[in-house]
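*Asks:* Please find one structure pasted underneath; my questions will follow.
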Amino acid sequence: MVQATYHFPRGFLWGTATAAHQVEGNNTNNQWWKWEQEGHTDGTSGLACDWWGGRWREDFDRAAEGGQNAHRLSVEWSRIQPTPDTWDEDALERYRTMLRGLRERGMTPLVTLHHYTDPLWLVEMGAHSTGSGQGWEIEAVIPLFEKFARKTVEALKEYCTLWCTFNEPNGYALNGYVGGGLSGDFPPGKNDLKLAMQVQSNMIRAHAAAYRAIHQIQPEARVGIALHYRAFTPHYGWSPLDRFLTKNASMILNNIFPMAFSNGVIRSLLGTVQIPEAKGTQDYFGLNYYTRNRVTFDLRRPETMFTGAFFADDSDFSDKKFLINEPDGMFEGLKWIVRRFPNLPILVTENGFADAEDRVRPRYIAQHIHQMWRAVNFNWPVKGYFHWTLVDNFEWEQGWTLRFGLWALDEHTQKRTKRRSADLYAEICKENGLSSEMVEKYCPEVFDKLFPV
Ligand code: FCB
């Protein structure tokens with residue numbers, strides 16, 4: 001049997017990713033809390049993983065003991081700026097303590113400023129004036145985000161130089177504004193592709209403003225966004241229509257942001273928008289990759305321009321058939337970045353699988369990390385990997401029904417239980433590589449795929 005190790009470059013970042021609303025608990029002042037109370041989600045976030053109550057300490061210990069040398073977390077805007085005219089210095093101090101906690105454990109922090117949640121006052125802004133839209137639909141949000149970014153970076157800069165302005169702004173816009181579309185139902189639950197594009201362009205402009213503000217405050221900062229990349233394949237390869245819809249889906253979901261960053265212009269079937277200030281505003285590319293969809297013409301879906309996205313029945317499914325295990329898409333996503341931005345450092349800012357029984361996750365991890373290794377061996381500048389996620393947490397519209405953690409959580413008792421994947425990932429982090437022994441031990445069923453003779 002082959003014995004070998006896929007090694008990663010020295011200094012590679014290995015971590016997990018989390019988001020404030022999903023782990024902190026009691027985030028009562030944002031639009032997601034309200035959405036949960038209105039009954040749109042499968043359960044409510046409640047105490048979540050109780051990080052705001054201090055349990056981040058024990059979870060950071062778990063990460064550090066598992067060999068992780070980095071962690072990605074987000075700050076909650078509605079805590080830092082509870083009303084348009086007030087800053088909560090205690091909340092900022094609490095985040096400083098958490099970041100210091102990471103440093104003390106030898107972990108590099110990556111801080112996301114916006115991970116899906118908005119203060120209630122922000123989303124209600126403009127809601128009552130006629131016809132102008134609300135929240136991220138209107139331009140007035142852009143300087144407000146910049147102000148929030150300035151305040152936060154000023155407060156946290158002692159502990160962090162790696163910033164992510166937005167997590168999945170494409171996911172935020174499409175899930176919130178194309179109901180029943182390519183993915184789940186997020187607030188505000190609208191159904192208007194044009195508005196989704198407007199929200200994306202406002203977020204791009206806010207990112208560009210924050211990018212410059214952060215560099216003013218901290219010249220050595222590295223600033224980027226974490227983009228959701230969805231791999232798409234035409235269901236019927238011979239069908240020009242399926243091929244066209246696949247291209248269009250990829251355009252709308254994947255390509256808007258990269259286009260703005262490379263050309264300062266976004267072009268789609270819905271029109272052209274000039275955003276010259278966005279050009280070149282990335283110090284790294286953050287890739288969130290999970291899965292691949294098949295795409296076909298679907299008459300029942302006018303809201304998505306008749307695009308149906310689905311998984312084949314014989315796929316390697318996650319719980320609730322929410323995702324499938326498609327490791328090739330990871331390589332494809334990395335290639336898609338390198339082609340557009342040949343020298344830009346890349347961080348895999350999220351990758352993971354919902355699997356309460358931890359049946360598929362070990363092979364999902366091994367196979368995806370193997371694909372990332374292939375990319376590294378083309379000398380593509382992949383610098384780190386953040387697994388989603390450390391401990392089961394509140395999974396947005398799916399509530400507590402999807403379990404992404406290396407550690408299981410009983411949200412009623414707050415008890416954590418280690419899954420085997422945590423051990424596999426710890427071995428990978430400590431080795432800075434993936435070995436044949438690990439694959440044999442944790443997922444022998446894919447041994448021949450990963451170490452062919
Ligand atoms: C990503 C989100 C993250 C988490 C994972 C499962 O799209 O960024 O918050 O919900 O999916």
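Identifiers for the structure tokens are assigned positionally: chains receive A, B, ... in sequence, residues are indexed from 1 per chain, and ligands are indexed from 1 in the order shown.
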Give me the residues near Trp373 (chain A) as number ranges by chain, where near means some atom within 8 Å (using only C-alpha atoms) and where sequence neighbours in that chain fewer than 2 positions away do not count.

*Replies:* A: 6-8, 369-371, 375-377

*Asks:* Can you pull out every residue with an atom within 10 Å of ligand 1? Use only C-alpha atoms and all ligand atoms and format it as an NGL selection string.

*Replies:* :A and (17-22 or 74 or 115-116 or 166-172 or 183 or 226-229 or 288-290 or 322-323 or 349-354 or 387-389 or 393-399 or 402-405)

*Asks:* Need the shell around Lys321 (chain A): protein/DNA/RNA residues with any atom at most 10 Å away, counting only C-alpha atoms. Skip same-chain ones fewer than 6 positions apart. Format as a PyMOL selection string?

*Replies:* chain A and resi 311+313+315+354

*Asks:* In Å to one decimal, how far is CA of Ala140 (chain A) from CA of Asn27 (chain A)?

*Replies:* 24.0 Å

*Asks:* Taking the DSSP secondary structure from the backbone, can you list the residues of region 184-322 of chain A that are alpha helix (DSSP H), as a compact mmCIF listing (two decimals) with C-alpha atoms, in the first residue's frame?

*Replies:*
```
# COMPACT_ATOMS: atom_id res chain seq x y z
CA LEU A 193 -33.63 39.89 -9.04
CA LYS A 194 -33.10 43.54 -9.90
CA LEU A 195 -33.08 44.45 -6.22
CA ALA A 196 -30.62 41.63 -5.57
CA MET A 197 -28.27 43.24 -8.08
CA GLN A 198 -28.71 46.63 -6.45
CA VAL A 199 -27.88 45.18 -3.04
CA GLN A 200 -24.76 43.56 -4.49
CA SER A 201 -23.60 46.77 -6.08
CA ASN A 202 -24.12 48.71 -2.83
CA MET A 203 -22.13 46.07 -0.99
CA ILE A 204 -19.31 46.31 -3.54
CA ARG A 205 -19.21 50.07 -3.06
CA ALA A 206 -19.28 49.68 0.73
CA HIS A 207 -16.46 47.17 0.49
CA ALA A 208 -14.37 49.57 -1.59
CA ALA A 209 -14.95 52.38 0.91
CA ALA A 210 -14.09 50.14 3.86
CA TYR A 211 -11.03 48.77 2.04
CA ARG A 212 -9.55 52.25 1.81
CA ALA A 213 -10.59 53.23 5.33
CA ILE A 214 -8.96 50.13 6.83
CA HIS A 215 -5.71 50.75 4.96
CA GLN A 216 -5.67 54.33 6.20
CA ILE A 217 -5.92 53.12 9.78
CA PRO A 240 -27.65 24.73 -25.50
CA LEU A 241 -30.35 26.02 -23.16
CA ASP A 242 -28.95 24.19 -20.11
CA ARG A 243 -25.48 25.38 -21.05
CA PHE A 244 -26.71 28.96 -21.35
CA LEU A 245 -28.54 28.80 -18.00
CA THR A 246 -25.47 27.31 -16.33
CA LYS A 247 -23.35 30.15 -17.60
CA ASN A 248 -25.91 32.68 -16.51
CA ALA A 249 -26.28 31.15 -13.01
CA SER A 250 -22.53 31.26 -12.60
CA ILE A 256 -20.38 39.78 -10.16
CA PHE A 257 -17.85 40.52 -7.45
CA PRO A 258 -14.72 39.33 -9.27
CA MET A 259 -15.79 41.38 -12.27
CA ALA A 260 -16.11 44.51 -10.18
CA PHE A 261 -12.72 43.88 -8.56
CA SER A 262 -10.93 43.32 -11.84
CA ASN A 263 -12.65 45.85 -14.14
```

*Asks:* Restricting the calculation to only C-alpha atoms, which member of A:Glu124, A:Glu104, A:Asp392, A:Asp314 is positioned closest to Leu409 (chain A)?

*Replies:* A:Asp392

*Asks:* So what do you get for CA of Arg105 (chain A) versus CA of Phe60 (chain A), distance-wise?

*Replies:*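 Rounded to one decimal, the two atoms are 7.7 Å apart.
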
*Asks:* What separation in Å, quoted to one decimal, exists between CA of Trp52 (chain A) and CA of Leu120 (chain A)?

*Replies:*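 Going from CA of Trp52 (chain A) over to CA of Leu120 (chain A) covers 19.1 Å.
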
*Asks:* Compile the contact shell of region 331-345 of chain A as a list in words: residues with an atom at most 7 Å away, counting only C-alpha atoms, same-chain residues fewer than 3 positions apart removed.

*Replies:*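 Within the cut-off, the hits are Tyr229, Asp283, Tyr284, Phe285, Asp328, Gln371, Met372, Ala375, Trp380, Pro381, Val382 and Lys383 of chain A.
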
*Asks:* Now that the selection is made, can you save its residues with N, CA and C atoms as a short mmCIF file (atom, residue, chain, number, x, y, z; two decimals), in the first residue's frame?

*Replies:*
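Now in out.cif:
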```cif
data_model
loop_
_atom_site.label_atom_id
_atom_site.label_comp_id
_atom_site.auth_asym_id
_atom_site.auth_seq_id
_atom_site.Cartn_x
_atom_site.Cartn_y
_atom_site.Cartn_z
N TYR A 229 -18.59 30.48 -3.76
CA TYR A 229 -18.44 29.98 -5.12
C TYR A 229 -19.24 28.69 -5.24
N ASP A 283 -6.79 42.32 -1.12
CA ASP A 283 -5.42 41.90 -0.81
C ASP A 283 -5.31 40.38 -0.80
N TYR A 284 -6.46 39.72 -0.75
CA TYR A 284 -6.52 38.26 -0.89
C TYR A 284 -7.92 37.93 -1.39
N PHE A 285 -8.07 36.73 -1.91
CA PHE A 285 -9.40 36.29 -2.32
C PHE A 285 -9.89 35.24 -1.33
N ASP A 328 -14.08 17.94 -6.65
CA ASP A 328 -13.52 18.58 -7.85
C ASP A 328 -13.86 20.06 -7.94
N GLN A 371 -7.74 18.24 -2.97
CA GLN A 371 -7.91 19.12 -4.14
C GLN A 371 -7.18 20.45 -3.93
N MET A 372 -7.20 20.92 -2.70
CA MET A 372 -6.50 22.17 -2.39
C MET A 372 -4.99 21.96 -2.55
N ALA A 375 -3.91 22.25 -6.05
CA ALA A 375 -3.78 23.66 -6.45
C ALA A 375 -2.45 24.24 -5.96
N TRP A 380 -0.18 27.73 -7.12
CA TRP A 380 -1.22 28.74 -6.93
C TRP A 380 -1.14 29.20 -5.47
N PRO A 381 -1.29 30.49 -5.24
CA PRO A 381 -0.96 31.03 -3.90
C PRO A 381 -2.04 30.82 -2.83
N VAL A 382 -2.36 29.55 -2.56
CA VAL A 382 -3.34 29.25 -1.51
C VAL A 382 -2.62 29.28 -0.17
N LYS A 383 -3.10 30.11 0.74
CA LYS A 383 -2.35 30.38 1.97
C LYS A 383 -2.99 29.83 3.25
#
```

*Asks:* My list of candidates is A:Arg374, A:Arg361, A:Arg103, A:Arg300. Which is closest to Asp423 (chain A) when distances are computed with only C-alpha atoms?

*Replies:*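 For Asp423 (chain A), the nearest of the given residues is A:Arg361.
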